[in-house]
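Colleague: Handing over upload-v7.txt, compact mmCIF, C-alpha atoms.
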# COMPACT_ATOMS: atom_id res chain seq x y z
CA MET A 1 -21.43 -3.83 19.74
CA GLY A 2 -24.86 -4.81 18.45
CA ALA A 3 -26.14 -4.95 14.90
CA GLU A 4 -27.90 -1.59 15.12
CA SER A 5 -24.83 0.23 16.42
CA LEU A 6 -22.66 -1.47 13.78
CA LEU A 7 -25.11 -0.29 11.10
CA PHE A 8 -25.00 3.23 12.55
CA SER A 9 -21.19 3.12 12.55
CA PHE A 10 -21.19 2.13 8.87
CA PHE A 11 -23.62 4.96 8.17
CA LEU A 12 -21.26 7.47 9.82
CA ILE A 13 -18.17 6.05 8.11
CA PHE A 14 -19.48 6.04 4.57
CA THR A 15 -21.49 9.25 4.85
CA GLY A 16 -18.55 11.09 6.38
CA ALA A 17 -16.17 9.63 3.80
CA THR A 18 -18.54 10.67 1.00
CA VAL A 19 -18.71 14.28 2.19
CA LEU A 20 -14.96 14.59 2.62
CA SER A 21 -14.29 12.73 -0.65
CA THR A 22 -16.38 15.30 -2.49
CA ALA A 23 -14.17 18.03 -1.05
CA ALA A 24 -11.05 15.99 -1.91
CA LEU A 25 -12.14 15.61 -5.53
CA PHE A 26 -12.81 19.36 -5.74
CA LEU A 27 -9.33 20.07 -4.29
CA ARG A 28 -7.79 17.29 -6.46
CA ILE A 29 -6.16 15.33 -3.65
CA PRO A 30 -6.20 11.53 -3.20
CA LEU A 31 -9.43 10.06 -1.81
CA LEU A 32 -7.59 7.99 0.79
CA VAL A 33 -6.68 11.27 2.52
CA ALA A 34 -10.43 11.92 2.86
CA TYR A 35 -10.96 8.47 4.38
CA ILE A 36 -8.18 9.04 6.94
CA LEU A 37 -9.48 12.51 7.81
CA ALA A 38 -12.98 11.06 8.27
CA GLY A 39 -11.52 8.61 10.80
CA ILE A 40 -9.68 11.37 12.64
CA LEU A 41 -12.83 13.53 12.74
CA LEU A 42 -15.37 10.87 13.75
CA GLY A 43 -13.14 8.54 15.78
CA PRO A 44 -12.53 8.37 19.55
CA PHE A 45 -9.85 11.10 19.44
CA GLY A 46 -12.04 13.46 17.39
CA LEU A 47 -15.78 13.94 17.86
CA GLY A 48 -16.03 10.48 19.42
CA TRP A 49 -19.12 9.46 17.43
CA ILE A 50 -17.43 6.10 16.81
CA SER A 51 -15.87 5.32 20.16
CA ASP A 52 -14.61 1.78 19.54
CA ALA A 53 -12.36 2.01 16.48
CA ALA A 54 -10.84 -1.38 17.32
CA LEU A 55 -14.10 -2.98 16.17
CA LEU A 56 -13.31 -1.97 12.60
CA VAL A 57 -9.72 -3.22 12.56
CA ASP A 58 -10.51 -6.88 11.84
CA ILE A 59 -12.97 -5.90 9.09
CA ALA A 60 -10.49 -3.41 7.64
CA GLU A 61 -7.75 -6.04 7.48
CA ILE A 62 -9.85 -7.94 4.94
CA GLY A 63 -9.39 -4.98 2.60
CA ILE A 64 -5.62 -5.37 2.92
CA LEU A 65 -5.91 -9.06 2.03
CA PHE A 66 -7.90 -8.27 -1.12
CA LEU A 67 -5.44 -5.51 -2.04
CA LEU A 68 -2.51 -7.92 -1.94
CA PHE A 69 -4.50 -10.71 -3.61
CA LEU A 70 -5.30 -8.43 -6.55
CA LEU A 71 -1.69 -7.25 -6.68
CA GLY A 72 -0.64 -10.88 -7.07
CA LEU A 73 -3.29 -11.52 -9.72
CA ASP A 74 -1.78 -8.79 -11.92
CA MET A 75 1.71 -10.31 -11.84
CA GLN A 76 2.10 -12.19 -15.11
CA PRO A 77 5.49 -13.93 -14.64
CA VAL A 78 7.08 -13.30 -18.08
CA LYS A 79 6.18 -9.62 -18.43
CA LEU A 80 6.82 -9.08 -14.74
CA MET A 81 10.40 -10.36 -14.92
CA ALA A 82 11.25 -8.15 -17.91
CA THR A 83 9.87 -5.05 -16.20
CA LEU A 84 11.59 -5.79 -12.91
CA ARG A 85 14.94 -6.44 -14.60
CA ASN A 86 14.87 -2.94 -16.15
CA THR A 87 14.23 -1.19 -12.84
CA PHE A 88 16.15 -3.40 -10.39
CA TRP A 89 19.18 -1.19 -9.80
CA VAL A 90 17.20 2.04 -9.54
CA THR A 91 14.91 0.48 -6.95
CA LEU A 92 17.73 -1.16 -4.97
CA LEU A 93 19.93 1.93 -4.73
CA SER A 94 17.04 4.29 -3.97
CA SER A 95 15.71 1.91 -1.30
CA LEU A 96 19.09 1.80 0.48
CA LEU A 97 19.36 5.61 0.40
CA PHE A 98 15.83 6.16 1.73
CA LEU A 99 16.29 3.49 4.42
CA ALA A 100 19.43 5.25 5.66
CA LEU A 101 17.68 8.62 5.52
CA GLY A 102 14.70 7.44 7.57
CA LEU A 103 16.90 5.57 10.05
CA ALA A 104 19.07 8.65 10.64
CA THR A 105 15.98 10.84 11.09
CA GLY A 106 14.47 8.43 13.62
CA LEU A 107 17.68 8.28 15.64
CA LEU A 108 17.99 12.08 15.46
CA PHE A 109 14.59 12.40 17.19
CA ALA A 110 15.58 9.84 19.86
CA PHE A 111 13.47 6.93 18.63
CA SER A 112 14.77 3.46 19.48
CA LEU A 113 16.87 1.62 16.91
CA GLN A 114 13.95 -0.69 16.08
CA ASP A 115 11.51 2.22 15.69
CA SER A 116 14.06 4.04 13.53
CA LEU A 117 14.55 0.99 11.32
CA VAL A 118 10.82 0.74 10.65
CA ILE A 119 10.68 4.49 9.96
CA GLY A 120 13.53 3.96 7.51
CA PHE A 121 11.69 1.11 5.80
CA ALA A 122 8.56 3.26 5.57
CA MET A 123 10.58 5.90 3.70
CA ILE A 124 11.44 3.40 0.94
CA PHE A 125 7.99 3.15 -0.59
CA SER A 126 6.22 5.47 -3.04
CA SER A 127 2.47 5.66 -3.49
CA THR A 128 0.88 3.47 -6.16
CA ILE A 129 -2.29 5.55 -5.88
CA ILE A 130 -0.57 8.84 -6.69
CA GLY A 131 2.02 7.34 -9.04
CA ILE A 132 -0.31 5.27 -11.22
CA LYS A 133 -3.77 6.79 -10.82
CA LEU A 134 -2.56 10.23 -11.97
CA LEU A 135 -0.74 8.82 -14.99
CA PRO A 136 -2.26 9.36 -18.47
CA THR A 137 -2.85 6.08 -20.32
CA THR A 138 -3.40 7.25 -23.92
CA VAL A 139 -0.05 8.96 -24.59
CA LEU A 140 2.87 6.85 -25.87
CA HIS A 141 5.43 8.75 -23.78
CA GLN A 142 3.36 8.03 -20.68
CA ARG A 143 3.03 4.32 -21.53
CA HIS A 144 6.79 3.95 -21.16
CA MET A 145 6.55 6.03 -18.00
CA GLY A 146 3.87 3.66 -16.75
CA GLU A 147 6.02 0.57 -17.38
CA LEU A 148 8.97 2.21 -15.65
CA MET A 149 6.95 3.20 -12.60
CA VAL A 150 5.14 -0.12 -12.36
CA GLY A 151 8.53 -1.88 -12.27
CA ILE A 152 9.81 0.34 -9.45
CA LEU A 153 6.56 0.12 -7.48
CA LEU A 154 6.34 -3.67 -7.83
CA LEU A 155 9.89 -4.13 -6.58
CA GLN A 156 9.04 -1.89 -3.64
CA ASP A 157 5.94 -4.03 -3.05
CA PHE A 158 8.13 -7.15 -2.90
CA ILE A 159 10.26 -5.47 -0.23
CA ALA A 160 7.08 -4.56 1.67
CA ILE A 161 5.76 -8.14 1.50
CA PHE A 162 9.07 -9.43 2.86
CA LEU A 163 9.00 -6.87 5.68
CA LEU A 164 5.45 -7.79 6.67
CA VAL A 165 6.61 -11.35 7.31
CA PHE A 166 9.13 -10.21 9.91
CA LEU A 167 7.32 -7.22 11.42
CA ASP A 168 4.41 -9.43 12.41
CA GLN A 169 6.75 -11.52 14.58
CA GLY A 170 6.84 -8.85 17.29
CA GLU A 171 10.47 -8.13 18.11
CA LEU A 172 12.60 -7.80 15.00
CA ALA A 173 15.71 -8.99 16.80
CA GLN A 174 13.93 -12.16 17.97
CA ALA A 175 12.18 -12.98 14.70
CA GLU A 176 12.30 -16.65 13.86
CA VAL A 177 14.21 -16.03 10.66
CA LEU A 178 14.94 -19.64 9.76
CA ARG A 179 11.35 -20.74 10.32
CA THR A 180 10.08 -17.87 8.20
CA LEU A 181 12.53 -18.56 5.40
CA LEU A 182 11.40 -22.19 5.32
CA ALA A 183 7.69 -21.41 5.69
CA PHE A 184 7.54 -18.97 2.78
CA PRO A 185 8.70 -21.39 0.04
CA ALA A 186 6.49 -24.06 1.62
CA LEU A 187 3.52 -21.72 1.27
CA LEU A 188 4.38 -20.97 -2.37
CA LEU A 189 4.74 -24.69 -3.12
CA LEU A 190 1.37 -25.40 -1.52
CA ALA A 191 -0.23 -22.56 -3.50
CA TRP A 192 1.25 -23.85 -6.77
CA GLY A 193 0.12 -27.44 -6.12
CA MET A 194 -3.41 -26.46 -5.11
CA THR A 195 -3.75 -24.14 -8.11
CA ARG A 196 -2.51 -26.68 -10.64
CA PHE A 197 -4.33 -29.77 -9.35
CA VAL A 198 -7.48 -28.30 -7.76
CA LEU A 199 -8.30 -24.72 -8.78
CA VAL A 200 -7.45 -24.82 -12.48
CA PRO A 201 -9.51 -28.02 -13.08
CA LEU A 202 -12.44 -26.50 -11.16
CA ILE A 203 -12.19 -23.25 -13.14
CA ALA A 204 -12.03 -25.15 -16.45
CA ARG A 205 -15.10 -27.22 -15.58
CA TYR A 206 -17.31 -24.49 -14.12
CA ASP A 207 -16.07 -21.33 -15.85
CA GLN A 208 -19.57 -20.55 -17.14
CA PHE A 209 -20.79 -20.03 -13.56
CA ARG A 210 -19.37 -16.59 -12.89
CA GLU A 211 -20.72 -16.30 -9.37
CA TYR A 212 -18.97 -19.59 -8.52
CA LEU A 213 -15.64 -18.21 -9.76
CA PHE A 214 -16.16 -15.12 -7.61
CA LEU A 215 -16.87 -17.31 -4.57
CA LEU A 216 -13.91 -19.58 -5.35
CA ALA A 217 -11.53 -16.60 -5.52
CA ILE A 218 -12.70 -15.22 -2.17
CA GLY A 219 -12.44 -18.63 -0.52
CA TRP A 220 -8.96 -19.20 -2.00
CA CYS A 221 -7.72 -15.78 -0.86
CA LEU A 222 -8.99 -16.15 2.71
CA GLY A 223 -8.01 -19.82 2.90
CA MET A 224 -4.41 -19.06 1.95
CA ALA A 225 -4.38 -16.17 4.42
CA GLU A 226 -5.34 -18.55 7.23
CA THR A 227 -2.82 -21.16 6.03
CA ALA A 228 -0.04 -18.55 6.09
CA GLU A 229 -0.87 -17.69 9.70
CA LEU A 230 -0.77 -21.39 10.64
CA LEU A 231 2.74 -21.57 9.13
CA GLY A 232 3.88 -18.57 11.18
CA LEU A 233 3.66 -16.03 8.35
CA THR A 234 1.21 -13.15 7.99
CA ALA A 235 -2.24 -13.34 6.47
CA GLU A 236 -1.17 -10.60 4.03
CA VAL A 237 1.61 -12.80 2.64
CA GLY A 238 -0.85 -15.67 2.21
CA ALA A 239 -3.23 -13.49 0.24
CA PHE A 240 -0.39 -12.29 -1.99
CA ALA A 241 0.74 -15.89 -2.67
CA ALA A 242 -2.86 -16.81 -3.50
CA GLY A 243 -3.02 -14.06 -6.12
CA VAL A 244 0.34 -14.89 -7.71
CA SER A 245 -0.64 -18.57 -8.00
CA LEU A 246 -3.70 -17.59 -10.07
CA ALA A 247 -1.96 -14.95 -12.20
CA THR A 248 -1.57 -17.28 -15.20
CA SER A 249 -5.16 -18.55 -14.96
CA PRO A 250 -7.39 -17.62 -17.93
CA VAL A 251 -9.87 -15.99 -15.54
CA SER A 252 -7.34 -13.85 -13.64
CA MET A 253 -8.45 -10.62 -15.35
CA TYR A 254 -12.10 -11.43 -14.73
CA LEU A 255 -11.44 -12.08 -11.04
CA SER A 256 -9.39 -8.90 -10.75
CA ASP A 257 -12.22 -6.78 -12.18
CA ARG A 258 -14.93 -8.42 -10.07
CA LEU A 259 -13.05 -8.18 -6.77
CA LYS A 260 -12.04 -4.52 -7.03
CA PRO A 261 -15.34 -3.11 -5.65
CA LEU A 262 -15.15 -5.51 -2.69
CA ARG A 263 -11.53 -4.51 -2.09
CA ASP A 264 -12.42 -0.80 -2.23
CA PHE A 265 -15.24 -1.27 0.28
CA PHE A 266 -12.92 -2.80 2.86
CA LEU A 267 -10.04 -0.42 2.10
CA ILE A 268 -12.28 2.53 2.97
CA LEU A 269 -12.73 0.88 6.36
CA PHE A 270 -8.98 0.29 6.64
CA PHE A 271 -8.02 3.91 6.01
CA PHE A 272 -10.87 5.12 8.23
CA SER A 273 -9.64 2.90 11.07
CA LEU A 274 -6.12 4.27 10.61
CA GLY A 275 -7.47 7.78 11.04
CA ALA A 276 -9.61 6.74 14.02
CA GLN A 277 -6.48 5.53 15.81
CA PHE A 278 -4.69 8.82 15.13
CA ASN A 279 -4.45 10.47 18.56
CA ILE A 280 -4.50 14.18 17.78
CA ALA A 281 -3.83 14.95 21.47
CA LEU A 282 -0.30 13.63 20.93
CA VAL A 283 0.37 15.66 17.78
CA ASP A 284 2.79 17.98 19.55
CA ARG A 285 4.97 14.95 20.43
CA PHE A 286 5.41 13.62 16.89
CA ILE A 287 4.64 16.58 14.60
CA TRP A 288 8.27 17.63 14.10
CA PRO A 289 9.68 14.23 13.12
CA ALA A 290 6.64 13.78 10.83
CA VAL A 291 7.24 17.20 9.23
CA VAL A 292 10.96 16.50 8.77
CA LEU A 293 10.29 13.06 7.25
CA SER A 294 7.69 14.45 4.86
CA ALA A 295 9.95 17.36 3.87
CA LEU A 296 12.83 14.97 3.16
CA ALA A 297 10.57 12.68 1.10
CA LEU A 298 9.08 15.54 -0.91
CA SER A 299 12.42 17.20 -1.62
CA LEU A 300 14.92 14.33 -1.94
CA LYS A 301 12.88 11.50 -3.45
CA PRO A 302 12.30 13.32 -6.78
CA LEU A 303 16.00 14.23 -6.96
CA VAL A 304 17.20 10.72 -6.12
CA PHE A 305 14.91 9.04 -8.66
CA ARG A 306 15.78 11.64 -11.32
CA THR A 307 19.52 11.13 -10.77
CA LEU A 308 19.32 7.33 -10.80
CA LEU A 309 17.06 7.19 -13.84
CA LEU A 310 19.40 9.51 -15.75
CA ARG A 311 22.31 7.31 -14.70
CA PHE A 312 20.54 4.29 -16.18
CA SER A 313 19.86 5.93 -19.58
CA GLU A 314 16.38 7.42 -19.25
CA ARG A 315 15.72 10.79 -20.91
CA ARG A 316 15.99 13.94 -18.79
CA ALA A 317 12.32 14.98 -19.10
CA LEU A 318 11.09 11.47 -18.33
CA ALA A 319 13.47 11.10 -15.37
CA TRP A 320 12.25 14.35 -13.79
CA ASP A 321 8.59 13.47 -14.43
CA ALA A 322 9.01 10.02 -12.84
CA GLY A 323 10.85 11.52 -9.87
CA LEU A 324 8.01 13.92 -9.12
CA ARG A 325 5.41 11.16 -9.38
CA LEU A 326 7.36 8.93 -6.96
CA GLY A 327 8.20 11.69 -4.47
CA GLN A 328 6.06 10.72 -1.47
CA ILE A 329 5.56 8.08 1.22
CA SER A 330 3.26 5.19 0.36
CA GLU A 331 0.00 3.68 1.53
CA PHE A 332 2.16 0.57 1.99
CA SER A 333 4.07 2.56 4.63
CA LEU A 334 0.78 2.96 6.47
CA LEU A 335 0.19 -0.77 6.20
CA ILE A 336 3.67 -1.55 7.56
CA ALA A 337 3.19 0.88 10.47
CA PHE A 338 -0.23 -0.64 11.18
CA VAL A 339 1.00 -4.27 11.18
CA ALA A 340 4.15 -3.45 13.15
CA PHE A 341 2.23 -1.54 15.83
CA GLN A 342 -0.44 -4.25 16.15
CA ALA A 343 2.33 -6.83 16.62
CA GLY A 344 4.18 -4.68 19.17
CA SER A 345 7.20 -4.26 16.89
CA ILE A 346 7.19 -0.45 17.15
CA SER A 347 5.93 2.18 19.56
CA GLU A 348 2.71 4.12 19.12
CA MET A 349 4.73 7.30 18.60
CA ALA A 350 6.71 5.78 15.73
CA ALA A 351 3.53 4.48 14.07
CA MET A 352 1.88 7.89 14.33
CA THR A 353 5.00 9.63 13.02
CA ILE A 354 4.89 7.43 9.90
CA GLN A 355 1.17 8.03 9.53
CA GLY A 356 1.49 11.80 9.92
CA ALA A 357 4.37 11.98 7.43
CA ALA A 358 2.45 9.86 4.91
CA ILE A 359 -0.64 12.08 5.11
CA LEU A 360 1.46 15.22 4.59
CA THR A 361 3.27 13.75 1.58
CA PHE A 362 -0.04 12.55 0.05
CA LEU A 363 -1.40 16.08 0.25
CA PHE A 364 1.62 17.97 -1.08
CA SER A 365 2.86 15.42 -3.62
CA SER A 366 -0.54 15.07 -5.26
CA CYS A 367 -0.68 18.87 -5.58
CA PHE A 368 2.80 18.96 -7.15
CA VAL A 369 1.89 16.22 -9.66
CA VAL A 370 -1.39 17.86 -10.61
CA MET A 371 0.30 21.26 -11.08
CA LEU A 372 3.53 20.18 -12.81
CA CYS A 373 2.97 16.85 -14.62
CA PRO A 374 0.67 15.60 -17.40
CA THR A 375 -2.37 14.07 -15.65
CA PRO A 376 -6.08 13.60 -16.40
CA ILE A 377 -6.88 16.30 -13.78
CA ALA A 378 -3.99 18.74 -14.38
CA VAL A 379 -4.54 22.33 -13.30
CA ASN A 380 -2.84 23.67 -16.45
CA PRO A 381 -4.96 22.78 -19.55
CA ARG A 382 -1.74 22.25 -21.55
CA LEU A 383 -0.77 19.41 -19.17
CA ARG A 384 -4.20 17.75 -19.13
CA ARG A 385 -3.92 14.25 -20.66
CA ASP A 386 -6.40 11.37 -20.47
Represent the structure contained in this file as structure tokens.

Modeller:
Amino acid sequence: MGAESLLFSFFLIFTGATVLSTAALFLRIPLLVAYILAGILLGPFGLGWISDAALLVDIAEIGILFLLFLLGLDMQPVKLMATLRNTFWVTLLSSLLFLALGLATGLLFAFSLQDSLVIGFAMIFSSTIIGIKLLPTTVLHQRHMGELMVGILLLQDFIAIFLLVFLDQGELAQAEVLRTLLAFPALLLLAWGMTRFVLVPLIARYDQFREYLFLLAIGWCLGMAETAELLGLTAEVGAFAAGVSLATSPVSMYLSDRLKPLRDFFLILFFFSLGAQFNIALVDRFIWPAVVLSALALSLKPLVFRTLLLRFSERRALAWDAGLRLGQISEFSLLIAFVAFQAGSISEMAAMTIQGAAILTFLFSSCFVVMLCPTPIAVNPRLRRD
């Protein structure tokens, strides 16, 4: 595809996403839903105005790398360990329950064992976008809520990172487990050594040149992504390791702020490409498992989290509030479905089932949170908190 057609594709993507995002903001639903719907509408299975959605996949994957790099940058080791310790058992028990629930649902609808396993893993994760973005930041009660939810979501993210390593191998049963288990610590050791003996000295010497720090961060992120692939891991894992290695750097917050617009640009492309690959002609073949999965997530996730949080000494009102905010399938589930399908680990029907269920839970869960919980955009003025 030539430069002019690529420019025209970008025009369609961002103009379409802008129009639908305006409607999403008016209806108070997450913007990523608008990006996915724009892909469905304009992609090869919709109006067909962008006929080669595969062209955008490689570009969109860069957004995933920056997402995981920034996630790693925010992980200060001391505070991180304290937060994770407080939420470990809630996350572990809920993850096992949701894995079993998704696995059983997949098998019920005659998916293969491997497809059903990935569907089960996709059920584990809750949305950071809905959970954190709709959380008030100026109320003391909500600050504790924020710490609680961040702990649960980060532990879920660790599970997702681990899964990405194996799903990218192709067949789960034939994954080179030993090689992967050796390659991952080797990658972390390399990241630590390079950060301590190369990056930190460079940052200390040239920290007044902000554009250089920006360039250094991008090069480090992409370089570690390529290194991870050479070691047999995924590029996403390499980007995450690159972020974690810089988390204690004095410029980590600066890098995080400066890279967010670049990350958002590529993530729009990622979610658009997901929608563009959504074959609406096959909806009748996966709509019922997607509806059942979304119904189970919306109804049981809030109850499970509420019960577990009450069991581990949280107050009743806080436990119910947290349960509602975590009661959906995650954007990480979309990422896992995307990586697994690209690697041939799952069927197209399983990937689309996960995608359909995620979209449904984004829509309904965000509405529940906005109507029933304190948020900056609450429908009820009494619940509106900044």

Colleague: Which one is closest to Ser127 in chain A: A:Arg315, A:Lys301, A:Arg325, A:Arg210? Count only C-alpha atoms.

Modeller: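 Of A:Arg315, A:Lys301, A:Arg325, A:Arg210, the one nearest Ser127 in chain A is A:Arg325, counting only C-alpha atoms.
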
Colleague: Residues at most 8 Å from Leu20 in chain A, counting all atoms listed in the file, excluding those fewer than 6 positions away in the same chain, as JSON, numbers by chain?

Modeller: {"A": [34, 35, 37, 38]}

Colleague: Hey, can you spit out that residue selection with C-alpha atoms as a JSON list (two decimals), keeping the file's coordinate frame?

Modeller:
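And here is the file that came out, selection-v3.json:
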[["chain", "number", "residue", "atom", "x", "y", "z"],
["A", 34, "ALA", "CA", -10.43, 11.92, 2.86],
["A", 35, "TYR", "CA", -10.96, 8.47, 4.38],
["A", 37, "LEU", "CA", -9.48, 12.51, 7.81],
["A", 38, "ALA", "CA", -12.98, 11.06, 8.27]]

Colleague: For each of A:Arg263, A:Arg85, A:Arg311, A:Arg258, take the minimum atom-to-atom distance to Leu155 in chain A, counting only C-alpha atoms, then give the residue where this is smallest.

Modeller: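 Ranking A:Arg263, A:Arg85, A:Arg311, A:Arg258 by distance to Leu155 in chain A, first place goes to A:Arg85.
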
Colleague: Quick one: everything within 10 Å of Val283 in chain A, counting all atoms listed in the file, minus sequence neighbours fewer than 4 positions away in the same chain. Send it as a PyMOL selection string.

Modeller: chain A and resi 278-279+287-288+290+349+352-353+356

Colleague: Of the candidates A:Ile359, A:Ala225, A:Ala319, A:Ile62, which one gets nearest to Val237 in chain A if we count all atoms listed in the file?

Modeller: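 When distances to Val237 in chain A are compared using all atoms listed in the file, the smallest one comes from A:Ala225.
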
Colleague: Pick from A:Leu182, A:Leu303, A:Leu113, A:Cys221: nearest to Phe98 in chain A, with all atoms listed in the file counted?

Modeller: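 Ranking A:Leu182, A:Leu303, A:Leu113, A:Cys221 by distance to Phe98 in chain A, first place goes to A:Leu303.
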
Colleague: Provide the CA of Ser299 in chain A to CA of Leu318 in chain A distance in Å, to one decimal place.

Modeller: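 About the pair CA of Ser299 in chain A and CA of Leu318 in chain A: they are 17.7 Å apart.
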
Colleague: In Å, with one decimal, what is the gap from CA of Ser21 in chain A to CA of Leu324 in chain A?

Modeller: 23.9 Å

Colleague: Any idea what the distance is between CA of Leu246 in chain A and CA of Leu73 in chain A?

Modeller: 6.1 Å

Colleague: May I ask which of the residues A:Asp257, A:Glu211, A:Glu226, A:Asp115 is the closest one to Asp74 in chain A, counting all atoms listed in the file?

Modeller: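 The answer is A:Asp257, which sits nearest to Asp74 in chain A.
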
Colleague: Can you tell me which residues surround Ile13 in chain A at a distance of at most 10 Å, considering all atoms listed in the file, apart from same-chain residues fewer than 3 positions away, and format the answer as a list in words?

Modeller: Leu7, Phe8, Ser9, Phe10, Gly16, Ala17, Thr18, Tyr35, Ala38, Gly39, Leu42, Gly43, Trp49, Ile50, Ile268, Leu269, Phe272 and Ser273 of chain A

Colleague: May I have the residues from that selection written out with C-alpha atoms, as a PDB file, in the frame of the given file?

Modeller:
ATOM      1  CA  LEU A   7     -25.110  -0.290  11.100  1.00  0.00           C
ATOM      2  CA  PHE A   8     -25.000   3.230  12.550  1.00  0.00           C
ATOM      3  CA  SER A   9     -21.190   3.120  12.550  1.00  0.00           C
ATOM      4  CA  PHE A  10     -21.190   2.130   8.870  1.00  0.00           C
ATOM      5  CA  GLY A  16     -18.550  11.090   6.380  1.00  0.00           C
ATOM      6  CA  ALA A  17     -16.170   9.630   3.800  1.00  0.00           C
ATOM      7  CA  THR A  18     -18.540  10.670   1.000  1.00  0.00           C
ATOM      8  CA  TYR A  35     -10.960   8.470   4.380  1.00  0.00           C
ATOM      9  CA  ALA A  38     -12.980  11.060   8.270  1.00  0.00           C
ATOM     10  CA  GLY A  39     -11.520   8.610  10.800  1.00  0.00           C
ATOM     11  CA  LEU A  42     -15.370  10.870  13.750  1.00  0.00           C
ATOM     12  CA  GLY A  43     -13.140   8.540  15.780  1.00  0.00           C
ATOM     13  CA  TRP A  49     -19.120   9.460  17.430  1.00  0.00           C
ATOM     14  CA  ILE A  50     -17.430   6.100  16.810  1.00  0.00           C
ATOM     15  CA  ILE A 268     -12.280   2.530   2.970  1.00  0.00           C
ATOM     16  CA  LEU A 269     -12.730   0.880   6.360  1.00  0.00           C
ATOM     17  CA  PHE A 272     -10.870   5.120   8.230  1.00  0.00           C
ATOM     18  CA  SER A 273      -9.640   2.900  11.070  1.00  0.00           C
TER      19      SER A 273
END

Colleague: For Trp320 in chain A, which of A:Leu335, A:Leu71, A:Ile64, A:Leu308 is the closest residue, counting all atoms listed in the file?

Modeller: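 Among the listed residues, A:Leu308 lies closest to Trp320 in chain A.
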
Colleague: Within 12 Å of (-1.8, -26.1, -6.1), in the coordinates the file gives, what residues turn up when you count only C-alpha atoms, written out as a list in words?

Modeller: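 Here is the list of nearby residues: Ala186, Leu187, Leu188, Leu189, Leu190, Ala191, Trp192, Gly193, Met194, Thr195, Arg196, Phe197, Val198, Leu199, Val200, Pro201, Leu202, Trp220, Met224, Ala241, Ala242, Val244, Ser245 and Leu246 of chain A.
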
Colleague: Let's have the selection written as a PDB file, in the coordinates of the input, with C-alpha atoms.

Modeller:
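After the write, selection.pdb holds the following:
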ATOM      1  CA  ALA A 186       6.490 -24.060   1.620  1.00  0.00           C
ATOM      2  CA  LEU A 187       3.520 -21.720   1.270  1.00  0.00           C
ATOM      3  CA  LEU A 188       4.380 -20.970  -2.370  1.00  0.00           C
ATOM      4  CA  LEU A 189       4.740 -24.690  -3.120  1.00  0.00           C
ATOM      5  CA  LEU A 190       1.370 -25.400  -1.520  1.00  0.00           C
ATOM      6  CA  ALA A 191      -0.230 -22.560  -3.500  1.00  0.00           C
ATOM      7  CA  TRP A 192       1.250 -23.850  -6.770  1.00  0.00           C
ATOM      8  CA  GLY A 193       0.120 -27.440  -6.120  1.00  0.00           C
ATOM      9  CA  MET A 194      -3.410 -26.460  -5.110  1.00  0.00           C
ATOM     10  CA  THR A 195      -3.750 -24.140  -8.110  1.00  0.00           C
ATOM     11  CA  ARG A 196      -2.510 -26.680 -10.640  1.00  0.00           C
ATOM     12  CA  PHE A 197      -4.330 -29.770  -9.350  1.00  0.00           C
ATOM     13  CA  VAL A 198      -7.480 -28.300  -7.760  1.00  0.00           C
ATOM     14  CA  LEU A 199      -8.300 -24.720  -8.780  1.00  0.00           C
ATOM     15  CA  VAL A 200      -7.450 -24.820 -12.480  1.00  0.00           C
ATOM     16  CA  PRO A 201      -9.510 -28.020 -13.080  1.00  0.00           C
ATOM     17  CA  LEU A 202     -12.440 -26.500 -11.160  1.00  0.00           C
ATOM     18  CA  TRP A 220      -8.960 -19.200  -2.000  1.00  0.00           C
ATOM     19  CA  MET A 224      -4.410 -19.060   1.950  1.00  0.00           C
ATOM     20  CA  ALA A 241       0.740 -15.890  -2.670  1.00  0.00           C
ATOM     21  CA  ALA A 242      -2.860 -16.810  -3.500  1.00  0.00           C
ATOM     22  CA  VAL A 244       0.340 -14.890  -7.710  1.00  0.00           C
ATOM     23  CA  SER A 245      -0.640 -18.570  -8.000  1.00  0.00           C
ATOM     24  CA  LEU A 246      -3.700 -17.590 -10.070  1.00  0.00           C
TER      25      LEU A 246
END

Colleague: Put range 331-352 of chain A into a file with C-alpha atoms, as a short mmCIF file (atom, residue, chain, number, x, y, z; two decimals), in the first residue's frame.

Modeller:
data_model
loop_
_atom_site.label_atom_id
_atom_site.label_comp_id
_atom_site.auth_asym_id
_atom_site.auth_seq_id
_atom_site.Cartn_x
_atom_site.Cartn_y
_atom_site.Cartn_z
CA GLU A 331 -8.53 -5.08 27.36
CA PHE A 332 -5.74 -7.51 28.32
CA SER A 333 -8.13 -10.31 27.34
CA LEU A 334 -8.29 -8.74 23.88
CA LEU A 335 -4.50 -8.64 23.77
CA ILE A 336 -4.25 -12.31 24.78
CA ALA A 337 -6.82 -13.32 22.15
CA PHE A 338 -4.97 -11.25 19.54
CA VAL A 339 -1.52 -12.73 20.30
CA ALA A 340 -2.86 -16.28 20.61
CA PHE A 341 -4.73 -16.09 17.30
CA GLN A 342 -1.77 -14.54 15.46
CA ALA A 343 0.43 -17.38 16.76
CA GLY A 344 -2.12 -20.05 15.82
CA SER A 345 -2.70 -21.04 19.45
CA ILE A 346 -6.50 -20.64 19.20
CA SER A 347 -9.14 -20.71 16.50
CA GLU A 348 -10.65 -17.62 14.91
CA MET A 349 -14.00 -18.46 16.51
CA ALA A 350 -12.50 -18.54 20.01
CA ALA A 351 -10.71 -15.22 19.44
CA MET A 352 -13.91 -13.59 18.22
#
